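Asker: The structure file data29.cif (mmCIF, C-alpha atoms) is provided below.
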```
data_work
#
loop_
_atom_site.group_PDB
_atom_site.id
_atom_site.type_symbol
_atom_site.label_atom_id
_atom_site.label_comp_id
_atom_site.auth_asym_id
_atom_site.auth_seq_id
_atom_site.Cartn_x
_atom_site.Cartn_y
_atom_site.Cartn_z
ATOM 1 C CA MET A 7 7.735 -25.965 -47.577
ATOM 2 C CA LYS A 8 4.123 -24.850 -47.679
ATOM 3 C CA LYS A 9 3.440 -26.730 -44.429
ATOM 4 C CA LEU A 10 6.367 -24.976 -42.722
ATOM 5 C CA PHE A 11 5.129 -21.596 -43.931
ATOM 6 C CA LEU A 12 1.617 -22.352 -42.684
ATOM 7 C CA LEU A 13 2.984 -23.433 -39.278
ATOM 8 C CA PHE A 14 5.046 -20.239 -39.010
ATOM 9 C CA PHE A 15 1.993 -18.181 -39.994
ATOM 10 C CA LEU A 16 -0.193 -19.820 -37.340
ATOM 11 C CA ILE A 17 2.434 -19.323 -34.621
ATOM 12 C CA SER A 18 2.736 -15.652 -35.604
ATOM 13 C CA ILE A 19 -1.035 -15.163 -35.408
ATOM 14 C CA THR A 20 -1.157 -16.847 -31.972
ATOM 15 C CA ASN A 21 1.646 -14.648 -30.628
ATOM 16 C CA CYS A 22 0.016 -11.506 -31.966
ATOM 17 C CA SER A 23 -3.269 -12.405 -30.277
ATOM 18 C CA LYS A 24 -1.550 -12.409 -26.879
ATOM 19 C CA LYS A 25 -1.407 -8.830 -25.687
ATOM 20 C CA ILE A 26 2.019 -8.158 -24.257
ATOM 21 C CA HIS A 27 2.104 -5.273 -21.801
ATOM 22 C CA PRO A 28 5.318 -3.335 -21.321
ATOM 23 C CA SER A 29 7.060 -3.507 -17.981
ATOM 24 C CA PHE A 30 6.938 -0.540 -15.614
ATOM 25 C CA LYS A 31 8.625 0.538 -12.395
ATOM 26 C CA VAL A 32 7.257 2.169 -9.259
ATOM 27 C CA GLY A 33 8.766 3.608 -6.081
ATOM 28 C CA ILE A 34 7.575 2.447 -2.650
ATOM 29 C CA ILE A 35 8.229 3.986 0.764
ATOM 30 C CA ALA A 36 6.648 2.983 4.065
ATOM 31 C CA ASP A 37 6.468 4.783 7.400
ATOM 32 C CA CYS A 38 8.554 7.898 6.851
ATOM 33 C CA GLN A 39 6.797 8.997 10.063
ATOM 34 C CA TYR A 40 8.420 12.381 10.637
ATOM 35 C CA CYS A 41 7.978 14.533 13.696
ATOM 36 C CA ASN A 42 10.278 16.855 15.601
ATOM 37 C CA CYS A 43 10.478 14.279 18.393
ATOM 38 C CA GLU A 44 13.127 12.480 20.385
ATOM 39 C CA VAL A 45 14.015 8.851 19.629
ATOM 40 C CA LYS A 46 11.423 6.293 20.772
ATOM 41 C CA TRP A 47 11.109 2.553 20.042
ATOM 42 C CA ASN A 48 14.252 2.793 17.889
ATOM 43 C CA ARG A 49 12.483 5.311 15.650
ATOM 44 C CA TYR A 50 14.665 8.252 14.678
ATOM 45 C CA TYR A 51 11.953 10.741 13.802
ATOM 46 C CA LYS A 52 14.222 13.733 13.184
ATOM 47 C CA LYS A 53 16.223 11.781 10.586
ATOM 48 C CA ALA A 54 13.160 11.140 8.425
ATOM 49 C CA PRO A 55 13.461 14.320 6.284
ATOM 50 C CA GLN A 56 17.031 13.513 5.247
ATOM 51 C CA ARG A 57 16.143 9.879 4.541
ATOM 52 C CA LEU A 58 13.188 10.960 2.436
ATOM 53 C CA LYS A 59 15.436 13.392 0.546
ATOM 54 C CA GLU A 60 17.925 10.608 -0.207
ATOM 55 C CA ALA A 61 15.127 8.298 -1.361
ATOM 56 C CA VAL A 62 13.661 10.959 -3.651
ATOM 57 C CA THR A 63 17.086 11.556 -5.189
ATOM 58 C CA THR A 64 17.500 7.829 -5.871
ATOM 59 C CA LEU A 65 13.975 7.346 -7.207
ATOM 60 C CA ASN A 66 14.286 10.358 -9.511
ATOM 61 C CA LYS A 67 17.206 8.681 -11.292
ATOM 62 C CA ASP A 68 14.748 6.215 -12.810
ATOM 63 C CA SER A 69 11.671 6.592 -14.980
ATOM 64 C CA LEU A 70 8.863 5.554 -12.638
ATOM 65 C CA ALA A 71 5.175 5.128 -13.421
ATOM 66 C CA TYR A 72 4.439 6.406 -9.909
ATOM 67 C CA THR A 73 5.690 6.525 -6.320
ATOM 68 C CA ILE A 74 3.491 5.562 -3.384
ATOM 69 C CA HIS A 75 3.889 6.031 0.362
ATOM 70 C CA LEU A 76 2.242 3.272 2.406
ATOM 71 C CA GLY A 77 1.020 5.311 5.366
ATOM 72 C CA ASP A 78 2.323 7.106 8.460
ATOM 73 C CA PHE A 79 3.914 9.898 6.476
ATOM 74 C CA ILE A 80 4.054 11.789 9.789
ATOM 75 C CA ASP A 81 4.067 10.615 13.398
ATOM 76 C CA LYS A 82 1.950 13.410 14.835
ATOM 77 C CA GLU A 83 1.160 17.139 14.574
ATOM 78 C CA PHE A 84 -0.335 18.620 11.407
ATOM 79 C CA LYS A 85 2.592 21.044 11.045
ATOM 80 C CA SER A 86 4.944 18.091 10.540
ATOM 81 C CA LEU A 87 3.671 17.847 6.965
ATOM 82 C CA ASP A 88 5.161 21.236 6.113
ATOM 83 C CA SER A 89 8.636 19.889 6.894
ATOM 84 C CA ILE A 90 8.533 16.939 4.486
ATOM 85 C CA LEU A 91 5.943 17.630 1.770
ATOM 86 C CA PRO A 92 8.309 19.993 -0.114
ATOM 87 C CA THR A 93 10.786 17.101 -0.430
ATOM 88 C CA TRP A 94 8.080 14.614 -1.443
ATOM 89 C CA ASN A 95 6.838 17.067 -4.078
ATOM 90 C CA LYS A 96 10.250 16.960 -5.787
ATOM 91 C CA LEU A 97 9.483 13.467 -7.063
ATOM 92 C CA LYS A 98 9.335 13.486 -10.863
ATOM 93 C CA SER A 99 6.807 10.658 -11.023
ATOM 94 C CA PRO A 100 3.088 10.861 -10.195
ATOM 95 C CA THR A 101 2.593 10.254 -6.474
ATOM 96 C CA TYR A 102 0.041 8.529 -4.243
ATOM 97 C CA HIS A 103 -0.515 8.219 -0.510
ATOM 98 C CA VAL A 104 -2.020 5.491 1.659
ATOM 99 C CA LEU A 105 -3.473 6.746 4.937
ATOM 100 C CA GLY A 106 -1.865 5.393 8.127
ATOM 101 C CA ASN A 107 -2.908 5.541 11.766
ATOM 102 C CA HIS A 108 -0.273 8.138 12.704
ATOM 103 C CA ASP A 109 -1.375 10.409 9.863
ATOM 104 C CA PHE A 110 -4.456 11.069 12.007
ATOM 105 C CA GLU A 111 -2.501 11.823 15.202
ATOM 106 C CA VAL A 112 -3.467 15.472 14.775
ATOM 107 C CA GLN A 113 -6.076 17.767 16.304
ATOM 108 C CA GLN A 114 -9.654 16.753 15.523
ATOM 109 C CA SER A 115 -10.132 19.973 13.545
ATOM 110 C CA ASN A 116 -7.272 18.940 11.214
ATOM 111 C CA LYS A 117 -8.271 15.326 10.545
ATOM 112 C CA LYS A 118 -10.287 16.170 7.430
ATOM 113 C CA LYS A 119 -7.515 18.511 6.231
ATOM 114 C CA ILE A 120 -5.044 15.607 6.096
ATOM 115 C CA ILE A 121 -6.756 14.309 2.944
ATOM 116 C CA THR A 122 -6.390 17.508 0.937
ATOM 117 C CA LYS A 123 -2.929 18.225 2.352
ATOM 118 C CA LEU A 124 -1.753 14.882 0.944
ATOM 119 C CA ASN A 125 -3.390 15.762 -2.392
ATOM 120 C CA LEU A 126 -6.025 13.028 -2.087
ATOM 121 C CA LYS A 127 -9.571 13.353 -3.357
ATOM 122 C CA ASN A 128 -10.816 10.306 -1.459
ATOM 123 C CA ARG A 129 -9.657 8.239 1.519
ATOM 124 C CA TYR A 130 -9.729 5.079 -0.602
ATOM 125 C CA TYR A 131 -9.424 4.933 -4.375
ATOM 126 C CA SER A 132 -8.030 2.995 -7.328
ATOM 127 C CA PHE A 133 -5.944 3.618 -10.421
ATOM 128 C CA VAL A 134 -4.852 1.596 -13.436
ATOM 129 C CA GLU A 135 -1.341 1.059 -14.760
ATOM 130 C CA ASN A 136 -0.995 -1.125 -17.865
ATOM 131 C CA ASP A 137 -2.860 -4.377 -17.133
ATOM 132 C CA TRP A 138 -2.945 -3.801 -13.355
ATOM 133 C CA ARG A 139 -5.690 -2.271 -11.235
ATOM 134 C CA PHE A 140 -4.224 -0.950 -7.981
ATOM 135 C CA ILE A 141 -6.741 -0.602 -5.138
ATOM 136 C CA VAL A 142 -5.712 1.725 -2.300
ATOM 137 C CA LEU A 143 -7.482 0.887 0.954
ATOM 138 C CA ASP A 144 -8.217 3.071 3.958
ATOM 139 C CA GLY A 145 -7.600 0.874 6.991
ATOM 140 C CA ASN A 146 -8.521 3.795 9.252
ATOM 141 C CA ASP A 147 -12.020 3.966 7.791
ATOM 142 C CA LEU A 148 -13.324 2.541 11.054
ATOM 143 C CA SER A 149 -10.968 3.534 13.875
ATOM 144 C CA PHE A 150 -10.769 5.351 17.184
ATOM 145 C CA TYR A 151 -8.487 8.062 15.770
ATOM 146 C CA GLY A 152 -9.335 8.466 12.066
ATOM 147 C CA THR A 153 -13.119 8.782 11.932
ATOM 148 C CA THR A 154 -14.644 12.162 11.177
ATOM 149 C CA SER A 155 -18.369 11.416 11.499
ATOM 150 C CA LYS A 156 -20.744 10.135 14.167
ATOM 151 C CA ILE A 157 -21.887 7.297 11.907
ATOM 152 C CA LYS A 158 -18.325 6.019 11.472
ATOM 153 C CA GLU A 159 -17.752 6.332 15.232
ATOM 154 C CA GLN A 160 -20.789 4.117 15.845
ATOM 155 C CA GLN A 161 -19.647 1.603 13.226
ATOM 156 C CA THR A 162 -16.182 1.567 14.815
ATOM 157 C CA ASP A 163 -17.629 0.773 18.227
ATOM 158 C CA SER A 164 -19.801 -1.977 16.768
ATOM 159 C CA LEU A 165 -16.945 -3.687 14.923
ATOM 160 C CA PHE A 166 -14.483 -3.414 17.800
ATOM 161 C CA ASN A 167 -17.012 -4.712 20.353
ATOM 162 C CA LEU A 168 -17.877 -7.602 18.031
ATOM 163 C CA LEU A 169 -14.224 -8.713 17.912
ATOM 164 C CA LYS A 170 -12.706 -7.705 21.244
ATOM 165 C CA ASP A 171 -13.603 -10.876 23.151
ATOM 166 C CA LYS A 172 -12.350 -13.275 20.458
ATOM 167 C CA ASP A 173 -8.751 -13.268 21.675
ATOM 168 C CA LEU A 174 -7.418 -11.911 18.362
ATOM 169 C CA PRO A 175 -3.920 -10.367 18.599
ATOM 170 C CA TYR A 176 -4.699 -7.522 16.195
ATOM 171 C CA VAL A 177 -7.838 -6.127 17.831
ATOM 172 C CA LYS A 178 -5.951 -3.150 19.240
ATOM 173 C CA LYS A 179 -7.079 0.454 19.346
ATOM 174 C CA TRP A 180 -4.125 1.581 17.219
ATOM 175 C CA ASN A 181 -5.387 -0.547 14.299
ATOM 176 C CA GLY A 182 -8.557 -0.054 12.290
ATOM 177 C CA GLY A 183 -11.069 -1.671 9.971
ATOM 178 C CA LEU A 184 -12.843 -1.470 6.628
ATOM 179 C CA SER A 185 -16.414 -0.193 6.617
ATOM 180 C CA LYS A 186 -19.205 -2.047 4.830
ATOM 181 C CA ALA A 187 -19.311 0.781 2.299
ATOM 182 C CA GLN A 188 -15.604 0.321 1.540
ATOM 183 C CA LEU A 189 -15.973 -3.468 1.283
ATOM 184 C CA ASN A 190 -18.825 -3.012 -1.202
ATOM 185 C CA TRP A 191 -16.670 -0.599 -3.197
ATOM 186 C CA ILE A 192 -13.782 -3.107 -3.207
ATOM 187 C CA GLN A 193 -16.069 -5.749 -4.693
ATOM 188 C CA MET A 194 -17.118 -3.347 -7.457
ATOM 189 C CA GLU A 195 -13.454 -2.624 -8.208
ATOM 190 C CA LEU A 196 -12.683 -6.340 -8.355
ATOM 191 C CA ASP A 197 -15.580 -6.898 -10.753
ATOM 192 C CA LYS A 198 -14.278 -4.098 -12.974
ATOM 193 C CA ALA A 199 -10.851 -5.714 -13.004
ATOM 194 C CA VAL A 200 -12.328 -9.062 -14.058
ATOM 195 C CA LYS A 201 -14.276 -7.472 -16.916
ATOM 196 C CA GLN A 202 -11.196 -5.584 -18.101
ATOM 197 C CA ASN A 203 -8.868 -8.591 -17.698
ATOM 198 C CA GLN A 204 -6.687 -6.797 -15.139
ATOM 199 C CA LYS A 205 -4.479 -8.177 -12.410
ATOM 200 C CA VAL A 206 -5.167 -6.621 -8.995
ATOM 201 C CA GLY A 207 -2.750 -5.268 -6.437
ATOM 202 C CA PHE A 208 -3.809 -3.843 -3.072
ATOM 203 C CA TYR A 209 -2.055 -1.084 -1.144
ATOM 204 C CA CYS A 210 -2.908 -0.625 2.524
ATOM 205 C CA HIS A 211 -1.207 0.596 5.678
ATOM 206 C CA PHE A 212 -2.246 -2.445 7.718
ATOM 207 C CA PRO A 213 -1.208 -6.006 6.844
ATOM 208 C CA ILE A 214 -3.357 -9.080 6.284
ATOM 209 C CA TYR A 215 -0.561 -11.617 6.802
ATOM 210 C CA PRO A 216 1.247 -12.752 8.891
ATOM 211 C CA ILE A 217 -1.241 -12.774 11.752
ATOM 212 C CA ASP A 218 0.112 -10.614 14.579
ATOM 213 C CA GLN A 219 -0.710 -7.417 16.464
ATOM 214 C CA HIS A 220 -0.585 -5.242 13.312
ATOM 215 C CA ASN A 221 -3.438 -6.641 11.169
ATOM 216 C CA ILE A 222 -6.539 -4.856 10.069
ATOM 217 C CA TRP A 223 -9.481 -5.719 12.341
ATOM 218 C CA ASN A 224 -11.802 -7.378 9.810
ATOM 219 C CA ARG A 225 -9.135 -9.212 7.841
ATOM 220 C CA GLU A 226 -11.355 -12.316 7.695
ATOM 221 C CA GLN A 227 -14.092 -10.347 5.941
ATOM 222 C CA PHE A 228 -11.570 -9.011 3.468
ATOM 223 C CA LEU A 229 -10.134 -12.466 2.755
ATOM 224 C CA SER A 230 -13.612 -13.910 2.196
ATOM 225 C CA LEU A 231 -14.308 -11.071 -0.234
ATOM 226 C CA ILE A 232 -11.206 -11.542 -2.395
ATOM 227 C CA LYS A 233 -11.145 -15.368 -2.331
ATOM 228 C CA PRO A 234 -13.248 -15.878 -5.518
ATOM 229 C CA TYR A 235 -11.103 -13.400 -7.486
ATOM 230 C CA LYS A 236 -8.140 -15.239 -8.940
ATOM 231 C CA ASN A 237 -6.803 -12.028 -10.488
ATOM 232 C CA VAL A 238 -5.739 -10.701 -7.043
ATOM 233 C CA LYS A 239 -1.955 -11.058 -7.022
ATOM 234 C CA LEU A 240 -0.472 -8.845 -4.328
ATOM 235 C CA PHE A 241 -1.102 -6.953 -1.102
ATOM 236 C CA PHE A 242 1.596 -4.399 -0.180
ATOM 237 C CA ASN A 243 1.552 -2.562 3.170
ATOM 238 C CA GLY A 244 3.542 -0.885 5.926
ATOM 239 C CA HIS A 245 2.690 -0.485 9.659
ATOM 240 C CA ASN A 246 4.888 -3.335 10.926
ATOM 241 C CA HIS A 247 8.243 -1.558 10.694
ATOM 242 C CA ALA A 248 10.170 -4.838 10.907
ATOM 243 C CA GLY A 249 8.741 -5.995 7.570
ATOM 244 C CA ALA A 250 7.250 -9.392 6.719
ATOM 245 C CA TYR A 251 6.289 -11.640 3.817
ATOM 246 C CA GLU A 252 3.908 -14.523 3.167
ATOM 247 C CA PHE A 253 2.594 -16.171 -0.006
ATOM 248 C CA ILE A 254 -0.956 -17.396 0.549
ATOM 249 C CA ASP A 255 -3.415 -18.664 -2.095
ATOM 250 C CA SER A 256 -1.278 -17.246 -4.937
ATOM 251 C CA VAL A 257 -1.241 -13.758 -3.352
ATOM 252 C CA HIS A 258 2.002 -12.071 -2.300
ATOM 253 C CA TYR A 259 1.529 -10.367 1.085
ATOM 254 C CA LEU A 260 4.512 -8.073 1.590
ATOM 255 C CA THR A 261 5.110 -5.654 4.462
ATOM 256 C CA PHE A 262 7.735 -3.023 3.635
ATOM 257 C CA LYS A 263 10.142 -1.990 6.380
ATOM 258 C CA GLY A 264 9.752 1.399 8.062
ATOM 259 C CA MET A 265 11.982 4.227 6.815
ATOM 260 C CA VAL A 266 12.076 5.884 10.258
ATOM 261 C CA ASP A 267 13.630 2.941 12.105
ATOM 262 C CA THR A 268 17.216 2.464 13.312
ATOM 263 C CA GLU A 269 19.910 5.064 13.808
ATOM 264 C CA ASN A 270 21.893 4.720 10.600
ATOM 265 C CA THR A 271 19.800 2.953 7.938
ATOM 266 C CA SER A 272 16.859 3.818 5.723
ATOM 267 C CA ALA A 273 14.405 1.616 3.801
ATOM 268 C CA PHE A 274 12.591 2.030 0.486
ATOM 269 C CA ALA A 275 12.289 0.208 -2.826
ATOM 270 C CA LYS A 276 11.930 0.302 -6.584
ATOM 271 C CA VAL A 277 9.525 -2.310 -7.877
ATOM 272 C CA LYS A 278 9.516 -3.502 -11.489
ATOM 273 C CA PHE A 279 6.358 -5.122 -12.850
ATOM 274 C CA GLU A 280 6.922 -7.518 -15.729
ATOM 275 C CA GLN A 281 4.417 -9.830 -17.381
ATOM 276 C CA ASP A 282 4.754 -12.713 -14.917
ATOM 277 C CA THR A 283 7.269 -11.453 -12.360
ATOM 278 C CA ILE A 284 7.723 -8.592 -9.899
ATOM 279 C CA PHE A 285 11.287 -7.586 -9.095
ATOM 280 C CA ILE A 286 11.835 -5.608 -5.904
ATOM 281 C CA GLN A 287 15.075 -3.678 -5.628
ATOM 282 C CA GLY A 288 15.488 -2.865 -1.977
ATOM 283 C CA PHE A 289 17.534 -0.004 -0.550
ATOM 284 C CA GLY A 290 18.894 0.183 2.991
ATOM 285 C CA ARG A 291 17.213 -2.434 5.180
ATOM 286 C CA GLU A 292 14.620 -3.369 2.550
ATOM 287 C CA PRO A 293 15.653 -6.693 0.959
ATOM 288 C CA SER A 294 15.517 -7.311 -2.784
ATOM 289 C CA ARG A 295 13.055 -10.010 -3.888
ATOM 290 C CA LYS A 296 11.658 -11.783 -6.911
ATOM 291 C CA LEU A 297 7.907 -12.442 -6.782
ATOM 292 C CA VAL A 298 6.501 -14.809 -9.400
ATOM 293 C CA ILE A 299 2.920 -14.126 -10.506
ATOM 294 C CA LYS A 300 0.924 -17.379 -10.656
#
```
Before anything else, please render the file you have as structure tokens.

Answerer:
Amino acid sequence: MKKLFLLFFLISITNCSKKIHPSFKVGIIADCQYCNCEVKWNRYYKKAPQRLKEAVTTLNKDSLAYTIHLGDFIDKEFKSLDSILPTWNKLKSPTYHVLGNHDFEVQQSNKKKIITKLNLKNRYYSFVENDWRFIVLDGNDLSFYGTTSKIKEQQTDSLFNLLKDKDLPYVKKWNGGLSKAQLNWIQMELDKAVKQNQKVGFYCHFPIYPIDQHNIWNREQFLSLIKPYKNVKLFFNGHNHAGAYEFIDSVHYLTFKGMVDTENTSAFAKVKFEQDTIFIQGFGREPSRKLVIK
């Protein structure tokens, strides 16, 4: 009897030593991309406000840790933000934005204003939720449309010219890249996550996988950077409105479908983070998925 009691006691101590984090849910929307424009490329720009309103109503029915938009909140014109931000601001959860290429399709004088208008303090940043560190990248850091300084313009030219003759499908002027400063910052964030025993999830507008015309320019640099960090578990993005998914080196690379696309359907998701599993509840064209954390 004493042996059984001792065994039960030891099992109890072992279980208590394992810190169990509660599950949490988040809302995810990609490529709302509103403008008062006619239909183009099967994108129904004028329907975006109503689709966003419907998504906000659905997301507000749940208790969410946060809601994030994965870039291209607008298609063009700074004034477009005034038509959809009031709806976005009705979300009950905390909110975050990822910067997309179309978010910078505004007059040069308004490019810096985009950041404050979207209630961002920095173009790239991180935040912590339970045992996760979420790192929000700025894939427009080096780009022909999103730079706001001469130094970044020069760095953009250098990176693009370095890659343009390598026959890479994603070296297009509508994509962008990560600056050396941002890559250094990412490494510091990854080191913090290791020290604090956190899993890491990335949010970006541009995908890493699959390889096609949508990827971030210096994806190889990024992959080399994260390779030693076994705590990196996911990379969520937009940009490719058709959506995509690949599981590479224990990292889930998921592209969410664009909300603006097709005449009669929307796309957004609720994502539940549990200890070893991520459950994605898709709405509209966004499929539901189960992602196992390894």

Asker: Once the PyMOL selection byres ((chain A and resi 111) around 12) is applied to the coordinates I shared, what remains selected? I want it as a PyMOL selection string.

Answerer: chain A and resi 39-41+78-87+105-110+112-118+120+146+149-153+180

Asker: Might you spell out which residues the PyMOL selection byres ((chain A and resi 273) around 6) would select in the displayed file, as a PyMOL selection string?

Answerer: chain A and resi 265+272+274+289-292

Asker: Considering all atoms listed in the file, can you say which of A:Trp94, A:Tyr235, A:Trp47, A:Tyr72 comes closest to Asn203 in chain A?

Answerer: A:Tyr235

Asker: For the file shown, report as a CSV table (one decimal) with C-alpha atoms, in the coordinates of the input the outcome of the PyMOL selection byres ((chain A and resi 145) around 10) at residue level.

Answerer:
```csv
chain,number,residue,atom,x,y,z
A,77,GLY,CA,1.0,5.3,5.4
A,104,VAL,CA,-2.0,5.5,1.7
A,105,LEU,CA,-3.5,6.7,4.9
A,106,GLY,CA,-1.9,5.4,8.1
A,107,ASN,CA,-2.9,5.5,11.8
A,129,ARG,CA,-9.7,8.2,1.5
A,130,TYR,CA,-9.7,5.1,-0.6
A,142,VAL,CA,-5.7,1.7,-2.3
A,143,LEU,CA,-7.5,0.9,1.0
A,144,ASP,CA,-8.2,3.1,4.0
A,146,ASN,CA,-8.5,3.8,9.3
A,147,ASP,CA,-12.0,4.0,7.8
A,148,LEU,CA,-13.3,2.5,11.1
A,149,SER,CA,-11.0,3.5,13.9
A,152,GLY,CA,-9.3,8.5,12.1
A,181,ASN,CA,-5.4,-0.5,14.3
A,182,GLY,CA,-8.6,-0.1,12.3
A,183,GLY,CA,-11.1,-1.7,10.0
A,184,LEU,CA,-12.8,-1.5,6.6
A,185,SER,CA,-16.4,-0.2,6.6
A,188,GLN,CA,-15.6,0.3,1.5
A,210,CYS,CA,-2.9,-0.6,2.5
A,211,HIS,CA,-1.2,0.6,5.7
A,212,PHE,CA,-2.2,-2.4,7.7
A,213,PRO,CA,-1.2,-6.0,6.8
A,221,ASN,CA,-3.4,-6.6,11.2
A,222,ILE,CA,-6.5,-4.9,10.1
A,223,TRP,CA,-9.5,-5.7,12.3
A,224,ASN,CA,-11.8,-7.4,9.8
```

Asker: Choose the residue, out of A:His103, A:Arg295, A:Trp138, A:Glu269, that has the smallest atom-to-atom separation from Thr122 in chain A; count all atoms listed in the file.

Answerer: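 Selected residue with least distance to Thr122 in chain A: A:His103.
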
Asker: How far is it from CA of Lys158 in chain A to CA of Gln193 in chain A, in Å with one decimal?

Answerer: 20.1 Å

Asker: Rank A:Thr73, A:Asn128, A:Ser89, A:Gln202 by their smallest atom-to-atom distance to Ala54 in chain A, using all atoms listed in the file, and report the top residue only.

Answerer: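 Counting all atoms listed in the file, the residue closest to Ala54 in chain A is A:Ser89.
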
Asker: Counting all atoms listed in the file, which residue out of A:Lys96, A:Tyr131, A:Pro55, A:Lys156 sits closest to Asn42 in chain A?

Answerer: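 Checking each candidate against Asn42 in chain A, we get A:Pro55 as the closest.
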
Asker: Counting only C-alpha atoms, which of A:Phe285, A:Phe208, A:Tyr215, A:Phe30 gets nearest to Phe133 in chain A?

Answerer: A:Phe208

Asker: Select, from A:Leu76, A:Ile299, A:Val257, A:Leu231, the residue with the minimum atom-to-atom distance to Asp282 in chain A, counting all atoms listed in the file.

Answerer: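 Result for the nearest residue to Asp282 in chain A: A:Ile299.
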
Asker: If you measure from CA of Thr283 in chain A to CA of Lys296 in chain A, what distance in Å do you get, rounded to one decimal?

Answerer: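 According to the coordinates, CA of Thr283 in chain A and CA of Lys296 in chain A are separated by 7.0 Å.
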
Asker: Excluding Glu195 in chain A and its own-chain neighbours fewer than 5 positions away, which residues fall within 9 Å of it when counting all atoms listed in the file? Please give them as a PDB file with C-alpha atoms, keeping the file's coordinate frame.

Answerer:
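Output saved as out.pdb:
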```pdb
ATOM      1  CA  SER A 132      -8.030   2.995  -7.328  1.00  0.00           C
ATOM      2  CA  ARG A 139      -5.690  -2.271 -11.235  1.00  0.00           C
ATOM      3  CA  ILE A 141      -6.741  -0.602  -5.138  1.00  0.00           C
ATOM      4  CA  ASN A 190     -18.825  -3.012  -1.202  1.00  0.00           C
ATOM      5  CA  VAL A 200     -12.328  -9.062 -14.058  1.00  0.00           C
TER       6      VAL A 200
END
```

Asker: What's around Lys263 in chain A at 7 Å? Count all atoms listed in the file, leave out sequence neighbours fewer than 4 positions away in its own chain, and write the answer as a list in words.

Answerer: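 My list of contacting residues is Ala36, Gly244, His247, Ala248, Gly249, Ala273 and Glu292 of chain A.
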
Asker: Rounded to one decimal place, report the CA of Lys31 in chain A-CA of Ser69 in chain A distance in Å.

Answerer: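 Going from CA of Lys31 in chain A over to CA of Ser69 in chain A covers 7.3 Å.
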
Asker: How close does each residue of range 113-177 of chain A get to range 98-101 of chain A, giving the shortest atom pair and distance in Å to one decimal for every residue with an atom at most 12 Å away, counting only C-alpha atoms, sorted by chain and residue number, as CSV?

Answerer:
```
residue,atom,partner,partner_atom,distance
A:Leu124,CA,A:Thr101,CA,9.8
A:Asn125,CA,A:Thr101,CA,9.1
A:Leu126,CA,A:Thr101,CA,10.1
A:Phe133,CA,A:Thr101,CA,11.5
A:Glu135,CA,A:Pro100,CA,11.7
```

Asker: Which residues are near Tyr176 in chain A? Cut-off 6 Å, only C-alpha atoms, ignore same chain within fewer than 2 positions. Put them as a PyMOL selection string.

Answerer: chain A and resi 174+178+218-221

Asker: Return the padded bounding box of range 86-105 of chain A as JSON: axis-aligned, built from all atoms listed in the file, 3 Å added on each side, with centre and edge lengths in Å to one decimal.

Answerer:
```
{"center_x": 3.7, "center_y": 13.4, "center_z": -0.2, "size_x": 20.3, "size_y": 21.7, "size_z": 27.6}
```
